[in-house]
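J.: Please read through the structure below; I'll follow up with questions.
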Amino acid sequence: MSRRMPRYLLRRAGESLITLFLVSIVVFAGVRALPGDTATALAGEEATPEAIAGIRRAYGLDDNIVVQYLRYVRHALTGDLGTSSRTGLPVLDSVLDALPVTLELSALALLLAVLVGVSAGVVAAVRRGRPEEWLVNALALLGLSIPAFWLGIVLILTFAIAVPVFSASGFVPFGVDPVENLRHMVLPAIVLGSGLAAVVMRQTRAAMLGSLSADYIRTARAKGLTRRQVIGSHALRNSLVTVVTVLGLQLGHLISGAVVTEQIFVLPGFGKLTIDAVFSRDYAMVQGVVLFTSAAYILVNLLVDLAYSLIDPRIRLGGAR
């Protein structure tokens with residue numbers, strides 16, 4: 001490992017903290033810019049002025065927004081993200097309860113996208129101009145064009161009702177029953193991962209076409225390497241840098257897509273938590289969810305940067321040579 005790697009990690013950690021700080025400011029101000037009065041929403045339309053004033057005092061809504069933000073940051077640094085105004089439970093506990101569901105859904109969707117997208121992209125590049133490429137391109141176009149909610153409904157009608165192989169809704173923890181867990185998670189993972197698989201396929205195909213026409217591929221063939229060695233050990237490995245970059249950038253798609261997918265399949269993950277918090281103007285919950293998702297996005301992009309040097313040893317991080 002390069003001597004400059006620790007310095008690079010410290011610099012990226014500092015950038016990550018600054019990014020989280022800016023995100024917290026934007027979210028804190030943004031949720032308070034929503035139309036309507038929070039105290040009235042919490043108390044109800046028929047609440048008395050005294051009840052509304054009591055809610056304002058209880059949640060500190062009478063204070064200046066800067067004072068409210070500094071109070072929030074002070075508590076967040078100690079692990080206290082506040083209390084949900086909708087459920088009365090600590091925000092951190094609710095987030096940690098929903099986190100495993102969204103993590104599993106995103107991991108399965110990512111696994112599906114990598115397996116299908118990379119394999120199809122390699123086939124499309126190797127069989128360029130042949131029926132296999134046309135079929136793969138057509139499937140990729142479908143994956144990019146079909147709305148998630150429509151695909152989810154079709155899969156439910158087909159594989160949960162007409163042919164009841166999978167479950168249409170709900171969630172069973174993997175530790176309780178692995179088989180039932182997969183029966184509930186396969187269809188949501190297909191819905192969430194189909195669009196990402198199409199993007200990965202297109203990027204893999206483009207990167208593979210560039211690699212297959214490079215000089216080092218002709219050299220490898222001239223040395224007598226087999227077709228599988230040329231494609232797998234040389235062309236595909238050099239193409240993976242592009243694929244890993246796309247996967248890191250597409251994390252936002254997974255997070256936003258999970259909101260829709262979890263609503264379709266009634267999964268108790270971040271999607272349901274976010275929707276319920278927004279409609280009930282639960283400031284603390286919205287802020288907690290956004291901070292966690294932002295931290296996840298930053299962490300994944302850091303891991304993507306570190307993966308570059310593992311995929312291609314010529315790449316050095318932190319300006320090392």
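Following the order of the structure tokens, first chain is A, next is B, and so on, with residues numbered from 1 inside each chain and ligands from 1 in the order they appear.
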List the spatial neighbours of A:Ala197 as a CSV table (one decimal) with N, CA and C atoms, in the first residue's frame - criterion: any atom at most 12 Å away, only C-alpha atoms, same-chain residues fewer than 2 positions off excluded.
T.:
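Printed below is selection32.csv as written:
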```
chain,number,residue,atom,x,y,z
A,108,LEU,N,-29.3,-6.9,-2.9
A,108,LEU,CA,-29.8,-7.9,-3.9
A,108,LEU,C,-29.9,-7.2,-5.2
A,109,ALA,N,-30.4,-6.0,-5.3
A,109,ALA,CA,-30.6,-5.3,-6.6
A,109,ALA,C,-29.2,-5.1,-7.2
A,110,LEU,N,-28.2,-4.7,-6.4
A,110,LEU,CA,-26.9,-4.5,-6.9
A,110,LEU,C,-26.3,-5.8,-7.4
A,111,LEU,N,-26.4,-6.9,-6.7
A,111,LEU,CA,-25.9,-8.2,-7.1
A,111,LEU,C,-26.6,-8.6,-8.4
A,112,LEU,N,-27.9,-8.4,-8.6
A,112,LEU,CA,-28.6,-8.7,-9.8
A,112,LEU,C,-28.0,-7.9,-11.0
A,113,ALA,N,-27.8,-6.6,-10.7
A,113,ALA,CA,-27.4,-5.7,-11.7
A,113,ALA,C,-26.0,-6.0,-12.2
A,114,VAL,N,-25.1,-6.4,-11.3
A,114,VAL,CA,-23.7,-6.8,-11.7
A,114,VAL,C,-23.7,-8.1,-12.4
A,115,LEU,N,-24.4,-9.1,-11.9
A,115,LEU,CA,-24.4,-10.4,-12.6
A,115,LEU,C,-25.0,-10.3,-14.0
A,116,VAL,N,-26.1,-9.7,-14.1
A,116,VAL,CA,-26.8,-9.6,-15.4
A,116,VAL,C,-26.2,-8.6,-16.3
A,117,GLY,N,-25.9,-7.4,-15.8
A,117,GLY,CA,-25.4,-6.3,-16.6
A,117,GLY,C,-24.0,-6.6,-17.1
A,118,VAL,N,-23.1,-7.1,-16.3
A,118,VAL,CA,-21.7,-7.3,-16.8
A,118,VAL,C,-21.7,-8.5,-17.8
A,119,SER,N,-22.4,-9.6,-17.4
A,119,SER,CA,-22.5,-10.7,-18.4
A,119,SER,C,-23.1,-10.3,-19.7
A,120,ALA,N,-24.2,-9.6,-19.7
A,120,ALA,CA,-24.8,-9.2,-20.9
A,120,ALA,C,-24.0,-8.2,-21.7
A,121,GLY,N,-23.3,-7.3,-21.0
A,121,GLY,CA,-22.4,-6.4,-21.7
A,121,GLY,C,-21.2,-7.1,-22.4
A,136,VAL,N,-29.6,-8.3,-26.5
A,136,VAL,CA,-29.1,-7.7,-25.3
A,136,VAL,C,-29.5,-6.2,-25.3
A,137,ASN,N,-29.3,-5.5,-26.4
A,137,ASN,CA,-29.6,-4.1,-26.5
A,137,ASN,C,-31.1,-3.9,-26.3
A,139,LEU,N,-33.2,-5.8,-24.6
A,139,LEU,CA,-33.5,-6.0,-23.2
A,139,LEU,C,-33.1,-4.8,-22.3
A,140,ALA,N,-31.9,-4.2,-22.7
A,140,ALA,CA,-31.4,-3.1,-21.9
A,140,ALA,C,-32.4,-1.9,-22.1
A,141,LEU,N,-32.8,-1.7,-23.4
A,141,LEU,CA,-33.8,-0.6,-23.6
A,141,LEU,C,-35.1,-0.8,-22.8
A,142,LEU,N,-35.5,-2.0,-22.8
A,142,LEU,CA,-36.7,-2.3,-22.0
A,142,LEU,C,-36.5,-2.0,-20.5
A,143,GLY,N,-35.3,-2.4,-20.0
A,143,GLY,CA,-35.0,-2.1,-18.6
A,143,GLY,C,-34.9,-0.7,-18.2
A,144,LEU,N,-34.5,0.2,-19.2
A,144,LEU,CA,-34.4,1.6,-19.0
A,144,LEU,C,-35.8,2.3,-19.2
A,189,ALA,N,-36.2,-6.8,-5.5
A,189,ALA,CA,-34.9,-6.7,-6.0
A,189,ALA,C,-34.8,-6.7,-7.6
A,190,ILE,N,-35.7,-7.4,-8.2
A,190,ILE,CA,-35.8,-7.4,-9.7
A,190,ILE,C,-36.3,-6.0,-10.2
A,191,VAL,N,-37.3,-5.5,-9.5
A,191,VAL,CA,-37.8,-4.2,-9.9
A,191,VAL,C,-36.7,-3.1,-9.7
A,192,LEU,N,-36.0,-3.1,-8.6
A,192,LEU,CA,-35.0,-2.1,-8.3
A,192,LEU,C,-33.8,-2.3,-9.1
A,193,GLY,N,-33.4,-3.5,-9.4
A,193,GLY,CA,-32.2,-3.8,-10.1
A,193,GLY,C,-32.2,-3.8,-11.6
A,194,SER,N,-33.4,-3.8,-12.2
A,194,SER,CA,-33.6,-4.0,-13.7
A,194,SER,C,-33.0,-2.7,-14.4
A,195,GLY,N,-33.4,-1.6,-13.9
A,195,GLY,CA,-32.9,-0.4,-14.6
A,195,GLY,C,-31.4,-0.2,-14.4
A,199,VAL,N,-28.2,-0.1,-17.3
A,199,VAL,CA,-27.1,0.9,-17.3
A,199,VAL,C,-25.7,0.2,-17.3
A,200,VAL,N,-25.6,-0.8,-16.4
A,200,VAL,CA,-24.3,-1.5,-16.3
A,200,VAL,C,-24.0,-2.2,-17.6
A,201,MET,N,-25.0,-2.8,-18.2
A,201,MET,CA,-24.8,-3.5,-19.5
A,201,MET,C,-24.3,-2.6,-20.6
A,202,ARG,N,-24.9,-1.4,-20.7
A,202,ARG,CA,-24.5,-0.5,-21.7
A,202,ARG,C,-23.1,0.0,-21.5
A,203,GLN,N,-22.7,0.3,-20.3
A,203,GLN,CA,-21.4,0.8,-19.9
A,203,GLN,C,-20.3,-0.3,-20.1
A,204,THR,N,-20.7,-1.5,-19.7
A,204,THR,CA,-19.8,-2.6,-19.9
A,204,THR,C,-19.5,-2.9,-21.3
A,243,VAL,N,-17.1,0.2,-15.0
A,243,VAL,CA,-18.3,-0.4,-14.4
A,243,VAL,C,-18.3,0.0,-12.9
A,246,VAL,N,-19.6,3.6,-12.5
A,246,VAL,CA,-21.0,3.7,-12.8
A,246,VAL,C,-21.8,3.2,-11.6
A,247,LEU,N,-21.4,2.1,-11.0
A,247,LEU,CA,-22.1,1.5,-9.8
A,247,LEU,C,-22.0,2.5,-8.7
A,250,GLN,N,-24.5,5.3,-9.4
A,250,GLN,CA,-25.9,4.8,-9.4
A,250,GLN,C,-26.4,4.5,-8.1
A,253,HIS,N,-29.5,6.3,-7.5
A,253,HIS,CA,-30.7,5.6,-8.2
A,253,HIS,C,-31.2,4.5,-7.3
A,254,LEU,N,-30.4,3.7,-6.6
A,254,LEU,CA,-30.8,2.7,-5.7
A,254,LEU,C,-31.6,3.3,-4.5
```
J.: Could you jot down the atom CA of A:Thr242 to atom CA of A:Ala107 separation for me, Å, one decimal place?
T.: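 Separation between atom CA of A:Thr242 and atom CA of A:Ala107: 19.7 Å.
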J.: Need to verify the contact set: A:Ser169, 12 Å, only C-alpha atoms, exclusion of same-chain residues closer than 2 positions in sequence. Can you return it as a list in words?
T.: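 Listed by chain and then number, they are Gly152, Ile153, Leu155, Ile156, Leu157, Ala160, Ile161, Phe166, Ser167, Phe171, Val172, Glu180, Asn181, Leu182, Arg183, His184, Met185, Val186, Leu187, Pro188, Thr261, Glu262, Gln263, Ile264, Phe265, Val266, Leu267 and Pro268 of chain A.
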J.: Okay, now the selection with C-alpha atoms, as a PDB file, in the first residue's frame?
T.:
```
ATOM      1  CA  GLY A 152     -43.752  -4.213  -9.878  1.00  0.00           C
ATOM      2  CA  ILE A 153     -47.476  -4.590 -10.503  1.00  0.00           C
ATOM      3  CA  LEU A 155     -44.512  -9.130 -11.332  1.00  0.00           C
ATOM      4  CA  ILE A 156     -46.985  -9.236  -8.448  1.00  0.00           C
ATOM      5  CA  LEU A 157     -49.881 -10.262 -10.726  1.00  0.00           C
ATOM      6  CA  ALA A 160     -47.407 -13.690  -6.561  1.00  0.00           C
ATOM      7  CA  ILE A 161     -51.039 -14.117  -7.637  1.00  0.00           C
ATOM      8  CA  PHE A 166     -43.094 -15.249  -4.400  1.00  0.00           C
ATOM      9  CA  SER A 167     -44.792 -12.995  -1.875  1.00  0.00           C
ATOM     10  CA  PHE A 171     -40.982  -8.609   5.094  1.00  0.00           C
ATOM     11  CA  VAL A 172     -39.501 -11.534   7.020  1.00  0.00           C
ATOM     12  CA  GLU A 180     -39.403 -16.689   3.360  1.00  0.00           C
ATOM     13  CA  ASN A 181     -37.056 -13.720   3.370  1.00  0.00           C
ATOM     14  CA  LEU A 182     -36.043 -14.427  -0.223  1.00  0.00           C
ATOM     15  CA  ARG A 183     -39.665 -15.053  -1.236  1.00  0.00           C
ATOM     16  CA  HIS A 184     -40.441 -11.512  -0.095  1.00  0.00           C
ATOM     17  CA  MET A 185     -37.290  -9.858  -1.484  1.00  0.00           C
ATOM     18  CA  VAL A 186     -36.747 -11.379  -4.943  1.00  0.00           C
ATOM     19  CA  LEU A 187     -39.460  -9.416  -6.744  1.00  0.00           C
ATOM     20  CA  PRO A 188     -38.510  -6.043  -5.185  1.00  0.00           C
ATOM     21  CA  THR A 261     -40.149  -0.123  -4.638  1.00  0.00           C
ATOM     22  CA  GLU A 262     -40.729  -0.346  -0.897  1.00  0.00           C
ATOM     23  CA  GLN A 263     -44.075   1.377  -1.312  1.00  0.00           C
ATOM     24  CA  ILE A 264     -45.135  -1.103  -4.006  1.00  0.00           C
ATOM     25  CA  PHE A 265     -44.211  -4.161  -1.951  1.00  0.00           C
ATOM     26  CA  VAL A 266     -45.033  -2.669   1.488  1.00  0.00           C
ATOM     27  CA  LEU A 267     -41.514  -3.142   2.830  1.00  0.00           C
ATOM     28  CA  PRO A 268     -40.753  -1.452   6.186  1.00  0.00           C
TER      29      PRO A 268
END
```
J.: Can you list, as number ranges by chain, all residues belonging to stretch 36-202 of chain A that DSSP tags as alpha helix (DSSP H)?
T.: A: 38-43, 49-59, 65-76, 91-126, 131-145, 148-156, 178-202
J.: May I ask for the distance between atom CA of A:Arg12 and atom CA of A:Val73, given in Å to one decimal place?
T.: 21.4 Å
J.: Could you tell me which of A:Asn238, A:Ser94, A:Ser106, A:Ser145 comes closest to A:Ala277 if we count only C-alpha atoms?
T.: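 Ranked by minimum distance to A:Ala277, first place goes to A:Ser94.
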J.: Given the choices A:Val123, A:Leu212, A:Ile65, A:Leu77, which gets closest to A:Val31 if the distance is worked out from only C-alpha atoms?
T.: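 Result for the nearest residue to A:Val31: A:Ile65.
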